[in-house]
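Take a look at the structure below.
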Amino acid sequence: MIALMPGGVRGQVKIQMESIQKWISIYRMILIRFFITFGLILTMLPSFGLYAQDRNVPYWVSISSSEVRMRVGPSTDFPIDWVYRRKGLPLKVIRIQAGWRLVQDPEGTQGWMFNSLLSLERTALVIGSVNAEIRADPSDASRLNWTAEPGVIGKLGACQAEWCEFDVDGRRGWVHQNRLWGVGTP
């Protein structure tokens, strides 16, 4: 049996253990703070992609939600001017202010929309007074795949020699650029 006096070996061991436990506790707090900060940064990364729309204006975007409000100014304090219910509708961004974009729709109407309601996915709108011919290849002589009425929205692919790839719900083909709004340099 070992009998130790206060301040003996066991007392020193106890003090050393308390000191080690104190450092472990501090280390854990540092690690927890690091991982919380790192986690917050990671959760914010997807939104940085949206805010990557801070680019030179003008540029094209599309509506990313089934219902979007256009306001007369860049804040929710401003009244709603229009409500859009056309997911995928192409818009032209003509000005940027904080998280808001001044956009122009195909009819020329301008107003402010919040950035998170917009997508960088390129879409186009069939324009004109008659159906647009969607061809198999970028040529008037190529086979006619189908036609699209004015107002149809589709995903925009590559454009070449006055023709653009156009995809409406998996139906693909080529259409003249002059029959689409949302193509070319805005």
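By order in the structure tokens, chains are A, B, ...; within a chain, residues start at 1; ligands start at 1, following the order shown.
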
Need the shell around Arg55 of chain A: protein/DNA/RNA residues with any atom at most 10 Å away, counting only C-alpha atoms. Skip same-chain ones fewer than 6 positions apart. Format as a PDB file with N, CA, C and O atoms, in the first residue's frame?
ATOM      1  N   VAL A  93     -31.024  40.548 -68.121  1.00  0.00           N
ATOM      2  CA  VAL A  93     -30.607  41.343 -66.967  1.00  0.00           C
ATOM      3  C   VAL A  93     -29.917  42.593 -67.509  1.00  0.00           C
ATOM      4  O   VAL A  93     -28.965  42.499 -68.280  1.00  0.00           O
ATOM      5  N   ARG A  95     -29.430  45.447 -65.233  1.00  0.00           N
ATOM      6  CA  ARG A  95     -28.785  46.166 -64.136  1.00  0.00           C
ATOM      7  C   ARG A  95     -28.770  45.292 -62.893  1.00  0.00           C
ATOM      8  O   ARG A  95     -29.654  44.463 -62.701  1.00  0.00           O
ATOM      9  N   ILE A  96     -27.761  45.500 -62.045  1.00  0.00           N
ATOM     10  CA  ILE A  96     -27.601  44.724 -60.822  1.00  0.00           C
ATOM     11  C   ILE A  96     -27.554  45.681 -59.643  1.00  0.00           C
ATOM     12  O   ILE A  96     -26.880  46.711 -59.702  1.00  0.00           O
TER      13      ILE A  96
END

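On the backbone of this structure, DSSP gives helix (DSSP H, G or I) within segment 43-166 of chain A to A:Thr43, A:Met44, A:Leu45, A:Pro46, A:Ser47, A:Phe48, A:Gly49, A:Leu50, A:Tyr51, A:Asn115, A:Ser116, A:Leu117.
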
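Across the structure, atom CA of Asn178 of chain A and atom CA of Cys164 of chain A are spaced 9.6 Å apart.
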
Next item on the list: Find the spatial neighbours of segment 67-75 of chain A, counting only C-alpha atoms, within a cut-off of 7 Å - ignore same-chain residues fewer than 5 positions away - and output them as a list in words.
Entry: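 Near segment 67-75 of chain A, the qualifying residues are Ile80, Asp81, Trp82, Val83, Tyr84, Arg85, Trp100, Gly111, Trp112, Met113 and Leu117 of chain A.
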
Deliver the residues from the most recent selection as a file, using N, CA and C atoms, as a short mmCIF file (atom, residue, chain, number, x, y, z; two decimals), in the first residue's frame.
data_model
loop_
_atom_site.label_atom_id
_atom_site.label_comp_id
_atom_site.auth_asym_id
_atom_site.auth_seq_id
_atom_site.Cartn_x
_atom_site.Cartn_y
_atom_site.Cartn_z
N ILE A 80 -45.47 45.21 -56.02
CA ILE A 80 -45.38 44.23 -57.09
C ILE A 80 -46.05 44.83 -58.32
N ASP A 81 -45.33 44.76 -59.44
CA ASP A 81 -45.85 45.29 -60.70
C ASP A 81 -46.48 44.17 -61.54
N TRP A 82 -45.82 43.02 -61.60
CA TRP A 82 -46.29 41.88 -62.38
C TRP A 82 -46.00 40.60 -61.61
N VAL A 83 -46.81 39.56 -61.86
CA VAL A 83 -46.54 38.22 -61.35
C VAL A 83 -46.38 37.32 -62.56
N TYR A 84 -45.22 36.64 -62.65
CA TYR A 84 -44.93 35.75 -63.77
C TYR A 84 -45.16 34.31 -63.33
N ARG A 85 -45.88 33.58 -64.15
CA ARG A 85 -46.14 32.17 -63.89
C ARG A 85 -45.67 31.34 -65.08
N TRP A 100 -30.59 41.99 -56.17
CA TRP A 100 -31.69 42.23 -57.10
C TRP A 100 -31.18 42.44 -58.52
N GLY A 111 -38.50 45.46 -64.74
CA GLY A 111 -38.76 45.50 -63.32
C GLY A 111 -37.70 44.71 -62.58
N TRP A 112 -37.83 44.69 -61.27
CA TRP A 112 -36.82 44.08 -60.40
C TRP A 112 -37.27 42.72 -59.91
N MET A 113 -36.35 41.75 -59.96
CA MET A 113 -36.58 40.42 -59.41
C MET A 113 -35.40 40.04 -58.54
N LEU A 117 -34.45 33.87 -57.60
CA LEU A 117 -35.58 33.43 -58.41
C LEU A 117 -35.21 33.29 -59.88
#

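Across the model, the gap from atom CA of Asp167 of chain A to atom CA of Leu144 of chain A is 14.4 Å.
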
Notebook entry, point to check: Hey, can you check how far atom CA of Thr185 of chain A sits from atom CA of Val57 of chain A?
Noted result: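 Spanning atom CA of Thr185 of chain A to atom CA of Val57 of chain A is a straight-line distance of 10.4 Å.
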
Item checked: Members of chain A assigned strand (DSSP E or B) by DSSP, as an MDAnalysis selection string -> chainID A and resid 59:63 68:71 80:84 90:97 100:104 110:114 118:119 123:126 132:135 144:148 153:160 163:168 171:176 180:181

Notebook entry, point to check: Near Ser119 of chain A, counting only C-alpha atoms, which residues have an atom at most 6 Å away, once you skip same-chain residues fewer than 6 positions from it, shown as JSON, numbers by chain?
Noted result: {"A": [61, 62, 64]}

Next item on the list: Find, counting only C-alpha atoms, the residue in A:Pro90, A:Gly99, A:Pro106, A:Gly128 that gets nearest to Gly154 of chain A.
Entry: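 Ranked by minimum distance to Gly154 of chain A, first place goes to A:Pro90.
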
Next item on the list: Would you kindly return, as an MDAnalysis selection string, each protein, DNA or RNA residue with an atom no farther than 12 Å from any atom of Gly88 of chain A, considering only C-alpha atoms and excluding same-chain residues fewer than 5 positions away?
Entry: chainID A and resid 60:68 105 117:125 151:156 168:169 182

I need the chosen residues saved as a PDB file, in the first residue's frame, with C-alpha atoms.
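For reference, selection37.pdb as written:
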ATOM      1  CA  TRP A  60     -29.512  36.264 -70.165  1.00  0.00           C
ATOM      2  CA  VAL A  61     -31.262  34.430 -67.322  1.00  0.00           C
ATOM      3  CA  SER A  62     -34.461  32.439 -66.988  1.00  0.00           C
ATOM      4  CA  ILE A  63     -37.142  32.296 -64.325  1.00  0.00           C
ATOM      5  CA  SER A  64     -36.389  29.386 -61.979  1.00  0.00           C
ATOM      6  CA  SER A  65     -39.684  29.223 -60.086  1.00  0.00           C
ATOM      7  CA  SER A  66     -43.292  28.590 -61.047  1.00  0.00           C
ATOM      8  CA  GLU A  67     -44.295  32.016 -59.698  1.00  0.00           C
ATOM      9  CA  VAL A  68     -42.098  35.118 -59.540  1.00  0.00           C
ATOM     10  CA  ASP A 105     -39.066  40.420 -70.454  1.00  0.00           C
ATOM     11  CA  LEU A 117     -35.583  33.426 -58.410  1.00  0.00           C
ATOM     12  CA  LEU A 118     -33.455  33.492 -61.551  1.00  0.00           C
ATOM     13  CA  SER A 119     -31.347  30.800 -63.182  1.00  0.00           C
ATOM     14  CA  LEU A 120     -28.349  30.975 -65.496  1.00  0.00           C
ATOM     15  CA  GLU A 121     -29.859  28.112 -67.521  1.00  0.00           C
ATOM     16  CA  ARG A 122     -30.307  29.412 -71.039  1.00  0.00           C
ATOM     17  CA  THR A 123     -33.798  29.212 -72.457  1.00  0.00           C
ATOM     18  CA  ALA A 124     -35.516  30.836 -75.423  1.00  0.00           C
ATOM     19  CA  LEU A 125     -39.048  31.822 -76.371  1.00  0.00           C
ATOM     20  CA  GLY A 151     -44.868  31.515 -76.885  1.00  0.00           C
ATOM     21  CA  VAL A 152     -43.323  28.045 -76.505  1.00  0.00           C
ATOM     22  CA  ILE A 153     -40.327  27.997 -74.137  1.00  0.00           C
ATOM     23  CA  GLY A 154     -37.444  25.580 -74.563  1.00  0.00           C
ATOM     24  CA  LYS A 155     -33.880  24.989 -73.477  1.00  0.00           C
ATOM     25  CA  LEU A 156     -31.337  26.678 -75.653  1.00  0.00           C
ATOM     26  CA  VAL A 168     -38.841  21.448 -75.584  1.00  0.00           C
ATOM     27  CA  ASP A 169     -39.433  18.609 -73.119  1.00  0.00           C
ATOM     28  CA  GLY A 182     -33.251  34.965 -75.598  1.00  0.00           C
TER      29      GLY A 182
END

Checklist line | Nearest to Pro58 of chain A by atom-to-atom distance, counting only C-alpha atoms, from A:Ser19, A:Ser129, A:Thr76, A:Gln104 | finding: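 Residue with the minimum atom-to-atom distance to Pro58 of chain A: A:Gln104.
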
Next item on the list: Could you check which of A:Phe166, A:Trp181, A:Phe114, A:Trp146 is closest to Lys92 of chain A, using only C-alpha atoms?
Entry: A:Trp181

Next item on the list: Counting only C-alpha atoms, figure out which residue out of A:Leu180, A:Leu102, A:Ile94, A:Ala148 gets nearest to Glu162 of chain A.
Entry: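 Selected residue with least distance to Glu162 of chain A: A:Leu180.
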